[in-house]
>>> print(open('target-v8.tsv').read())   # TSV, C-alpha atoms and all ligand atoms
chain	number	residue	atom	x	y	z
A	1	MET	CA	9.07	-10.80	70.91
A	2	LYS	CA	11.04	-7.53	71.16
A	3	LEU	CA	11.26	-5.58	74.45
A	4	ASN	CA	9.12	-2.54	75.19
A	5	ALA	CA	10.77	0.70	76.35
A	6	ILE	CA	10.46	-0.15	80.07
A	7	GLU	CA	12.07	-3.56	79.83
A	8	ARG	CA	14.71	-2.21	77.47
A	9	ALA	CA	15.66	0.31	80.18
A	10	ALA	CA	15.65	-2.47	82.81
A	11	MET	CA	18.00	-4.57	80.64
A	12	ASN	CA	20.30	-1.89	79.22
A	13	ASN	CA	21.71	-0.26	82.33
A	14	PRO	CA	24.95	-0.45	84.33
A	15	ILE	CA	23.36	-2.24	87.29
A	16	ARG	CA	22.24	-5.17	85.16
A	17	ALA	CA	25.63	-5.24	83.42
A	18	ALA	CA	27.42	-5.36	86.79
A	19	HIS	CA	25.07	-8.11	87.95
A	20	GLN	CA	25.82	-10.18	84.84
A	21	HIS	CA	29.58	-9.63	85.16
A	22	HIS	CA	29.77	-10.50	88.82
A	23	ARG	CA	26.89	-12.64	90.10
A	24	GLU	CA	25.62	-14.36	86.95
A	25	ALA	CA	29.14	-15.09	85.70
A	26	ALA	CA	29.87	-16.78	89.05
A	27	TRP	CA	26.64	-18.82	88.90
A	28	PHE	CA	27.35	-20.03	85.37
A	29	HIS	CA	30.99	-20.74	86.18
A	30	ARG	CA	29.84	-22.96	89.03
A	31	LEU	CA	27.10	-24.66	86.99
A	32	ALA	CA	29.52	-25.30	84.10
A	33	GLY	CA	32.01	-26.85	86.53
A	34	GLY	CA	34.70	-24.33	85.53
A	35	ASN	CA	35.38	-21.91	82.74
A	36	LEU	CA	34.68	-22.28	79.01
A	37	ALA	CA	38.30	-22.00	77.84
A	38	GLY	CA	38.79	-23.25	74.29
A	39	GLN	CA	35.06	-23.45	73.67
A	40	ASN	CA	32.90	-22.31	70.81
A	41	VAL	CA	29.92	-20.75	72.61
A	42	LEU	CA	26.50	-19.70	71.28
A	43	GLU	CA	24.60	-16.93	73.02
A	44	VAL	CA	20.91	-16.79	72.10
A	45	GLY	CA	19.16	-13.39	72.31
A	46	CYS	CA	22.33	-11.45	73.09
A	47	GLY	CA	20.69	-8.05	73.58
A	48	ARG	CA	23.31	-5.29	73.71
A	49	GLY	CA	26.20	-7.75	74.10
A	50	VAL	CA	26.98	-7.77	77.82
A	51	GLY	CA	26.43	-11.53	78.01
A	52	ALA	CA	28.98	-12.17	75.25
A	53	GLU	CA	31.43	-9.90	77.08
A	54	VAL	CA	30.87	-11.96	80.26
A	55	LEU	CA	31.43	-15.21	78.35
A	56	LEU	CA	34.74	-13.91	77.01
A	57	ASP	CA	36.08	-12.00	80.01
A	58	ARG	CA	34.78	-14.01	82.96
A	59	LEU	CA	34.31	-17.52	81.54
A	60	HIS	CA	37.15	-17.31	78.99
A	61	ALA	CA	35.22	-18.65	75.99
A	62	ASN	CA	37.36	-18.93	72.88
A	63	HIS	CA	34.71	-17.59	70.49
A	64	VAL	CA	31.10	-16.45	70.92
A	65	THR	CA	28.46	-16.59	68.20
A	66	ALA	CA	25.56	-14.36	69.25
A	67	PHE	CA	22.30	-13.19	67.73
A	68	ASP	CA	19.15	-11.30	68.62
A	69	LEU	CA	15.78	-10.71	66.96
A	70	ASP	CA	16.12	-6.94	67.43
A	71	ASP	CA	18.51	-5.27	64.98
A	72	THR	CA	18.93	-2.20	67.24
A	73	MET	CA	20.19	-4.49	70.04
A	74	VAL	CA	22.58	-6.21	67.64
A	75	GLU	CA	23.96	-2.82	66.59
A	76	LEU	CA	24.62	-1.94	70.27
A	77	ALA	CA	26.34	-5.32	70.68
A	78	ARG	CA	28.47	-4.63	67.59
A	79	GLN	CA	29.69	-1.35	69.09
A	80	ARG	CA	30.41	-2.98	72.48
A	81	LEU	CA	32.20	-6.02	71.07
A	82	HIS	CA	34.22	-4.34	68.33
A	83	GLN	CA	37.40	-6.39	67.65
A	84	ARG	CA	36.45	-9.15	70.09
A	85	PRO	CA	36.22	-12.83	68.94
A	86	VAL	CA	32.45	-12.63	68.45
A	87	SER	CA	30.22	-13.26	65.40
A	88	LEU	CA	27.00	-11.21	65.61
A	89	SER	CA	23.82	-11.36	63.57
A	90	VAL	CA	20.11	-10.63	63.61
A	91	GLY	CA	18.26	-13.92	64.03
A	92	ASP	CA	15.43	-15.90	65.57
A	93	ILE	CA	16.03	-18.57	68.18
A	94	CYS	CA	13.29	-20.65	66.55
A	95	ASP	CA	15.38	-20.94	63.39
A	96	ILE	CA	19.05	-20.74	64.43
A	97	GLN	CA	21.29	-20.16	61.43
A	98	GLN	CA	24.00	-22.56	62.59
A	99	PRO	CA	24.84	-26.15	61.60
A	100	ALA	CA	23.81	-29.11	63.74
A	101	ALA	CA	26.23	-30.04	66.55
A	102	SER	CA	28.33	-26.91	65.94
A	103	HIS	CA	28.67	-25.52	69.50
A	104	ASP	CA	30.18	-26.72	72.78
A	105	THR	CA	27.98	-24.55	75.00
A	106	ALA	CA	24.80	-22.49	74.52
A	107	VAL	CA	23.87	-19.70	76.92
A	108	ASP	CA	20.45	-18.17	77.54
A	109	PHE	CA	20.58	-14.96	79.58
A	110	GLY	CA	16.82	-14.63	80.04
A	111	ILE	CA	15.31	-14.72	76.57
A	112	ILE	CA	13.28	-17.93	76.15
A	113	HIS	CA	10.34	-16.55	78.18
A	114	HIS	CA	10.00	-13.95	75.37
A	115	VAL	CA	9.48	-16.58	72.69
A	116	PRO	CA	5.85	-17.49	71.90
A	117	HIS	CA	6.65	-21.06	70.77
A	118	TRP	CA	9.46	-21.60	73.27
A	119	GLN	CA	9.46	-25.38	72.73
A	120	GLN	CA	10.79	-24.75	69.20
A	121	ALA	CA	13.59	-22.63	70.72
A	122	ILE	CA	14.62	-25.58	72.91
A	123	ALA	CA	14.53	-27.92	69.90
A	124	GLU	CA	16.84	-25.54	68.02
A	125	ILE	CA	19.30	-25.27	70.91
A	126	ALA	CA	19.42	-29.06	71.18
A	127	ARG	CA	20.10	-29.28	67.42
A	128	VAL	CA	23.09	-26.91	67.43
A	129	LEU	CA	24.76	-28.35	70.55
A	130	ARG	CA	27.29	-31.10	70.02
A	131	PRO	CA	26.84	-34.39	71.92
A	132	ASP	CA	27.82	-33.73	75.56
A	133	GLY	CA	27.41	-29.99	74.88
A	134	LEU	CA	26.09	-27.81	77.71
A	135	LEU	CA	23.18	-25.40	78.00
A	136	LEU	CA	23.36	-22.71	80.72
A	137	PHE	CA	20.08	-20.91	81.31
A	138	GLU	CA	18.57	-18.08	83.31
A	139	GLU	CA	14.79	-17.79	82.93
A	140	VAL	CA	11.65	-16.14	84.33
A	141	PRO	CA	8.83	-18.48	85.47
A	142	ARG	CA	5.17	-18.14	84.50
A	143	HIS	CA	3.92	-17.07	87.94
A	144	ILE	CA	6.26	-14.05	87.83
A	145	LEU	CA	5.17	-13.09	84.30
A	146	ASP	CA	1.56	-13.35	85.56
A	147	THR	CA	2.06	-10.75	88.31
A	148	TRP	CA	0.39	-7.36	87.98
A	149	THR	CA	3.74	-5.56	87.69
A	150	PHE	CA	4.99	-7.69	84.81
A	151	ARG	CA	1.64	-7.59	83.00
A	152	LYS	CA	1.35	-3.84	83.39
A	153	PHE	CA	4.88	-2.78	82.52
A	154	THR	CA	6.35	-5.44	80.22
A	155	VAL	CA	5.28	-7.21	77.04
A	156	HIS	CA	5.53	-11.00	77.01
A	157	PRO	CA	3.51	-13.73	75.35
A	158	ARG	CA	0.55	-14.49	77.66
A	159	GLU	CA	-0.11	-18.10	76.71
A	160	ASN	CA	2.11	-21.16	76.84
A	161	ARG	CA	4.60	-19.97	79.51
A	162	PHE	CA	6.51	-22.32	81.81
A	163	GLU	CA	7.47	-23.12	85.38
A	164	PRO	CA	10.94	-24.59	85.98
A	165	ASN	CA	9.69	-28.22	86.03
A	166	GLU	CA	7.97	-27.72	82.65
A	167	PHE	CA	11.08	-26.08	81.24
A	168	THR	CA	13.35	-28.93	82.35
A	169	ALA	CA	10.85	-31.56	81.13
A	170	GLU	CA	10.96	-29.95	77.67
A	171	LEU	CA	14.77	-29.93	77.80
A	172	SER	CA	14.74	-33.66	78.61
A	173	ARG	CA	12.40	-34.34	75.68
A	174	HIS	CA	15.17	-32.98	73.46
A	175	GLY	CA	17.96	-34.97	75.12
A	176	LEU	CA	19.13	-32.11	77.38
A	177	HIS	CA	19.39	-33.50	80.90
A	178	GLY	CA	19.78	-31.36	84.00
A	179	THR	CA	23.20	-31.51	85.64
A	180	ALA	CA	22.25	-29.73	88.87
A	181	ARG	CA	19.24	-28.74	90.91
A	182	ILE	CA	17.38	-25.68	89.62
A	183	GLU	CA	18.28	-22.58	91.67
A	184	HIS	CA	15.98	-19.63	92.35
A	185	HIS	CA	17.51	-16.17	92.66
A	186	LEU	CA	16.51	-12.50	93.05
A	187	GLY	CA	13.66	-13.40	95.38
A	188	GLY	CA	12.29	-16.01	92.95
A	189	LEU	CA	12.22	-13.63	89.97
A	190	ILE	CA	14.52	-15.91	87.99
A	191	PHE	CA	15.61	-19.54	87.96
A	192	ILE	CA	18.91	-20.83	86.63
A	193	GLY	CA	20.29	-24.21	85.69
A	194	ALA	CA	22.39	-26.30	83.35
A	195	ALA	CA	21.65	-29.26	81.10
A	196	ARG	CA	23.93	-31.50	79.08
A	197	LYS	CA	23.09	-33.08	75.72
A	198	SER	CA	23.10	-36.87	75.74
A	201	LIG	C1	15.19	-9.80	78.49
A	201	LIG	S1	16.16	-9.42	77.07
A	201	LIG	C2	17.71	-10.15	77.48
A	201	LIG	C3	18.82	-9.62	76.62
A	201	LIG	C4	20.21	-10.10	77.01
A	201	LIG	N1	20.30	-11.56	76.92
A	201	LIG	C5	20.54	-9.62	78.40
A	201	LIG	O1	20.62	-10.44	79.31
A	201	LIG	O2	20.73	-8.41	78.59
A	201	LIG	C6	15.50	-10.57	75.87
A	201	LIG	C7	16.16	-10.45	74.50
A	201	LIG	O3	15.67	-11.51	73.69
A	201	LIG	C8	15.49	-11.02	72.38
A	201	LIG	N2	14.55	-11.93	71.71
A	201	LIG	C9	13.23	-12.04	71.91
A	201	LIG	N3	12.70	-12.99	71.11
A	201	LIG	C10	13.73	-13.51	70.40
A	201	LIG	C11	13.83	-14.52	69.40
A	201	LIG	N4	12.75	-15.18	68.98
A	201	LIG	N5	15.05	-14.81	68.89
A	201	LIG	C12	16.14	-14.11	69.30
A	201	LIG	N6	16.11	-13.13	70.23
A	201	LIG	C13	14.92	-12.83	70.78
A	201	LIG	C14	14.99	-9.60	72.59
A	201	LIG	O4	15.15	-8.81	71.43
A	201	LIG	C15	15.86	-9.15	73.77
A	201	LIG	O5	17.07	-8.57	73.34
>>> encode(input="target-v8.tsv", output="structure tokens", more="lines below")
Ligand SMILES: C[S@@+](CC[C@H](N)C(=O)[O-])C[C@H]1O[C@@H](n2cnc3c(N)ncnc32)[C@H](O)[C@@H]1O
Amino acid sequence: MKLNAIERAAMNNPIRAAHQHHREAAWFHRLAGGNLAGQNVLEVGCGRGVGAEVLLDRLHANHVTAFDLDDTMVELARQRLHQRPVSLSVGDICDIQQPAASHDTAVDFGIIHHVPHWQQAIAEIARVLRPDGLLLFEEVPRHILDTWTFRKFTVHPRENRFEPNEFTAELSRHGLHGTARIEHHLGGLIFIGAARKS
């Protein structure tokens, strides 16, 4: 599901970019147990490309493959990441156009809560990760999406959302096992974690 104008403004601004570059990069660095040097990384739902920039500049990924459902976001990412080692495309997380076991790490900067059939998104991530590959995720739980503010000002699927325990249970069903305790940040607005493919 694409963003409405309000959430687009909340995502595409310098404060969020600074947050991703400084705080979120540090969280993922810690959860990954170090940087991603030499790795082939997949970013799902890349938006305007700040996440891919973080993966290259802060976590030292070798190459980032990134896609988003929204072609206008992908165009912004193309402009931002011009001449960087990034492959960009328009695509759907429920049907990732990548071979099985093709990536060392997959990164979700807050997109799976936008996907109506999110369980299919998890199945696809598990498919494209190599054995022992890592998923790093930042997500928004159901009880936050159910608040008046989120319902009034943002557009998300209403049914079939998840709390962190449901999210990690689905990961486990696809052979992605948590490597650390789930953390809650920004006053509980988001949860983050990591899971490794068995
Ligand atoms: C909250 S934004 C996050 C964007 C970016 N990851 C960031 O952190 O700035 C969610 C993004 O997911 C994308 N998206 C939603 N559903 C998607 C799907 N099924 N497949 C791929 N991308 C999707 C939206 O277009 C949007 O860019």
>>> residues_near_ligand(input="target-v8.tsv", ligand="ligand LIG 201 (chain A)", cutoff="7 Å", atoms="all atoms listed in the file", output="list in words")
Met1, Lys2, Leu3, Met11, Asn12, Val44, Gly45, Cys46, Gly47, Arg48, Val50, Gly51, Phe67, Asp68, Leu69, Asp70, Met73, Gly91, Asp92, Ile93, Cys94, Asp108, Phe109, Gly110, Ile111, His114 and Val115 of chain A
>>> atom_distance(input="target-v8.tsv", atom1="atom CA of A:Val90", atom2="atom CA of A:Glu170")
25.6 Å
>>> atom_distance(input="target-v8.tsv", atom1="atom CA of A:Ala66", atom2="atom CA of A:Ala195")
19.4 Å
>>> residues_around(input="target-v8.tsv", residues="A:Trp27", least_positions_apart="2", cutoff="10 Å", atoms="all atoms listed in the file", output="PyMOL selection string")
chain A and resi 20+22-25+29-33+136+138+183+192-193
>>> residues_around(input="target-v8.tsv", residues="A:Asn160", least_positions_apart="5", cutoff="9 Å", atoms="only C-alpha atoms", output="VMD selection string")
chain A and resid 116 to 118 142
>>> residues_around(input="target-v8.tsv", residues="A:Leu59", least_positions_apart="6", cutoff="9 Å", atoms="only C-alpha atoms", output="list in words")
Ala25, Ala26, Phe28, His29, Gly34, Asn35, Leu36 and Ala37 of chain A
>>> closest_residue(input="target-v8.tsv", among="A:Leu145, A:Ala123, A:Ala180, A:Ala9", to="A:Glu163", atoms="only C-alpha atoms")
A:Leu145
>>> residues_around(input="target-v8.tsv", residues="A:Gly175", least_positions_apart="5", cutoff="8 Å", atoms="all atoms listed in the file", output="list in words")
Ala126, Arg196, Lys197 and Ser198 of chain A
>>> atom_distance(input="target-v8.tsv", atom1="atom CA of A:Ala169", atom2="atom CA of A:His19")
28.3 Å
>>> closest_residue(input="target-v8.tsv", among="A:Asn165, A:Thr154, A:Arg80, A:Leu55", to="A:Ala10", atoms="only C-alpha atoms")
A:Thr154
>>> decode(input="target-v8.tsv", residues="stretch 146-157 of chain A", atoms="all heavy atoms", output="mmCIF file, in the first residue's frame")
data_model
loop_
_atom_site.group_PDB
_atom_site.id
_atom_site.type_symbol
_atom_site.label_atom_id
_atom_site.label_comp_id
_atom_site.auth_asym_id
_atom_site.auth_seq_id
_atom_site.Cartn_x
_atom_site.Cartn_y
_atom_site.Cartn_z
ATOM 1 N N ASP A 146 -3.664 1.171 15.413
ATOM 2 C CA ASP A 146 -5.072 1.289 15.821
ATOM 3 C C ASP A 146 -5.374 2.583 16.581
ATOM 4 O O ASP A 146 -6.520 2.814 16.958
ATOM 5 C CB ASP A 146 -5.459 0.106 16.724
ATOM 6 C CG ASP A 146 -5.776 -1.142 15.901
ATOM 7 O OD1 ASP A 146 -5.957 -1.012 14.675
ATOM 8 O OD2 ASP A 146 -5.821 -2.233 16.495
ATOM 9 N N THR A 147 -4.363 3.410 16.834
ATOM 10 C CA THR A 147 -4.641 4.653 17.574
ATOM 11 C C THR A 147 -5.370 5.647 16.674
ATOM 12 O O THR A 147 -5.265 5.590 15.437
ATOM 13 C CB THR A 147 -3.338 5.318 18.090
ATOM 14 O OG1 THR A 147 -2.476 5.544 16.970
ATOM 15 C CG2 THR A 147 -2.633 4.442 19.116
ATOM 16 N N TRP A 148 -6.071 6.572 17.303
ATOM 17 C CA TRP A 148 -6.848 7.569 16.568
ATOM 18 C C TRP A 148 -5.949 8.327 15.592
ATOM 19 O O TRP A 148 -6.309 8.518 14.433
ATOM 20 C CB TRP A 148 -7.505 8.544 17.564
ATOM 21 C CG TRP A 148 -8.320 9.602 16.875
ATOM 22 C CD1 TRP A 148 -9.619 9.510 16.462
ATOM 23 C CD2 TRP A 148 -7.868 10.915 16.492
ATOM 24 N NE1 TRP A 148 -10.009 10.671 15.834
ATOM 25 C CE2 TRP A 148 -8.960 11.557 15.841
ATOM 26 C CE3 TRP A 148 -6.666 11.609 16.628
ATOM 27 C CZ2 TRP A 148 -8.870 12.864 15.347
ATOM 28 C CZ3 TRP A 148 -6.581 12.902 16.117
ATOM 29 C CH2 TRP A 148 -7.679 13.515 15.494
ATOM 30 N N THR A 149 -4.774 8.736 16.045
ATOM 31 C CA THR A 149 -3.884 9.551 15.209
ATOM 32 C C THR A 149 -3.497 8.799 13.932
ATOM 33 O O THR A 149 -3.554 9.355 12.834
ATOM 34 C CB THR A 149 -2.602 9.901 15.991
ATOM 35 O OG1 THR A 149 -2.986 10.342 17.278
ATOM 36 C CG2 THR A 149 -1.784 10.965 15.307
ATOM 37 N N PHE A 150 -3.096 7.552 14.089
ATOM 38 C CA PHE A 150 -2.695 6.783 12.898
ATOM 39 C C PHE A 150 -3.883 6.551 11.973
ATOM 40 O O PHE A 150 -3.770 6.652 10.761
ATOM 41 C CB PHE A 150 -2.052 5.454 13.319
ATOM 42 C CG PHE A 150 -0.554 5.551 13.420
ATOM 43 C CD1 PHE A 150 0.036 6.203 14.497
ATOM 44 C CD2 PHE A 150 0.278 5.021 12.437
ATOM 45 C CE1 PHE A 150 1.418 6.322 14.588
ATOM 46 C CE2 PHE A 150 1.655 5.138 12.519
ATOM 47 C CZ PHE A 150 2.236 5.788 13.595
ATOM 48 N N ARG A 151 -5.039 6.231 12.577
ATOM 49 C CA ARG A 151 -6.221 5.952 11.730
ATOM 50 C C ARG A 151 -6.676 7.199 10.984
ATOM 51 O O ARG A 151 -7.107 7.129 9.845
ATOM 52 C CB ARG A 151 -7.362 5.407 12.582
ATOM 53 C CG ARG A 151 -7.081 3.981 13.010
ATOM 54 C CD ARG A 151 -8.347 3.275 13.439
ATOM 55 N NE ARG A 151 -8.102 1.854 13.484
ATOM 56 C CZ ARG A 151 -8.970 0.933 13.118
ATOM 57 N NH1 ARG A 151 -10.151 1.264 12.671
ATOM 58 N NH2 ARG A 151 -8.657 -0.336 13.209
ATOM 59 N N LYS A 152 -6.562 8.341 11.664
ATOM 60 C CA LYS A 152 -7.043 9.585 11.068
ATOM 61 C C LYS A 152 -6.107 10.088 9.954
ATOM 62 O O LYS A 152 -6.552 10.531 8.914
ATOM 63 C CB LYS A 152 -7.157 10.631 12.196
ATOM 64 C CG LYS A 152 -7.592 12.006 11.762
ATOM 65 C CD LYS A 152 -9.087 12.100 11.636
ATOM 66 C CE LYS A 152 -9.516 13.489 11.194
ATOM 67 N NZ LYS A 152 -10.897 13.475 10.689
ATOM 68 N N PHE A 153 -4.795 9.999 10.231
ATOM 69 C CA PHE A 153 -3.869 10.706 9.339
ATOM 70 C C PHE A 153 -3.064 9.813 8.385
ATOM 71 O O PHE A 153 -2.369 10.333 7.510
ATOM 72 C CB PHE A 153 -2.918 11.566 10.161
ATOM 73 C CG PHE A 153 -3.635 12.665 10.908
ATOM 74 C CD1 PHE A 153 -3.725 12.650 12.291
ATOM 75 C CD2 PHE A 153 -4.258 13.707 10.214
ATOM 76 C CE1 PHE A 153 -4.405 13.646 12.979
ATOM 77 C CE2 PHE A 153 -4.943 14.698 10.895
ATOM 78 C CZ PHE A 153 -5.019 14.675 12.278
ATOM 79 N N THR A 154 -3.090 8.497 8.591
ATOM 80 C CA THR A 154 -2.302 7.645 7.697
ATOM 81 C C THR A 154 -3.212 6.578 7.084
ATOM 82 O O THR A 154 -4.326 6.362 7.561
ATOM 83 C CB THR A 154 -1.137 6.954 8.447
ATOM 84 O OG1 THR A 154 -1.674 6.027 9.399
ATOM 85 C CG2 THR A 154 -0.257 7.958 9.160
ATOM 86 N N VAL A 155 -2.703 5.931 6.041
ATOM 87 C CA VAL A 155 -3.481 4.869 5.387
ATOM 88 C C VAL A 155 -2.698 3.568 5.501
ATOM 89 O O VAL A 155 -1.594 3.441 4.944
ATOM 90 C CB VAL A 155 -3.703 5.198 3.898
ATOM 91 C CG1 VAL A 155 -4.508 4.090 3.227
ATOM 92 C CG2 VAL A 155 -4.421 6.526 3.748
ATOM 93 N N HIS A 156 -3.262 2.636 6.265
ATOM 94 C CA HIS A 156 -2.651 1.311 6.403
ATOM 95 C C HIS A 156 -3.753 0.269 6.279
ATOM 96 O O HIS A 156 -4.918 0.584 6.540
ATOM 97 C CB HIS A 156 -1.993 1.151 7.796
ATOM 98 C CG HIS A 156 -0.798 2.022 7.992
ATOM 99 N ND1 HIS A 156 -0.880 3.291 8.549
ATOM 100 C CD2 HIS A 156 0.514 1.824 7.705
ATOM 101 C CE1 HIS A 156 0.335 3.819 8.583
ATOM 102 N NE2 HIS A 156 1.190 2.966 8.075
ATOM 103 N N PRO A 157 -3.401 -0.959 5.933
ATOM 104 C CA PRO A 157 -4.419 -2.003 5.973
ATOM 105 C C PRO A 157 -4.978 -2.093 7.395
ATOM 106 O O PRO A 157 -4.226 -1.965 8.367
ATOM 107 C CB PRO A 157 -3.645 -3.275 5.613
ATOM 108 C CG PRO A 157 -2.395 -2.804 4.962
ATOM 109 C CD PRO A 157 -2.071 -1.471 5.550
#
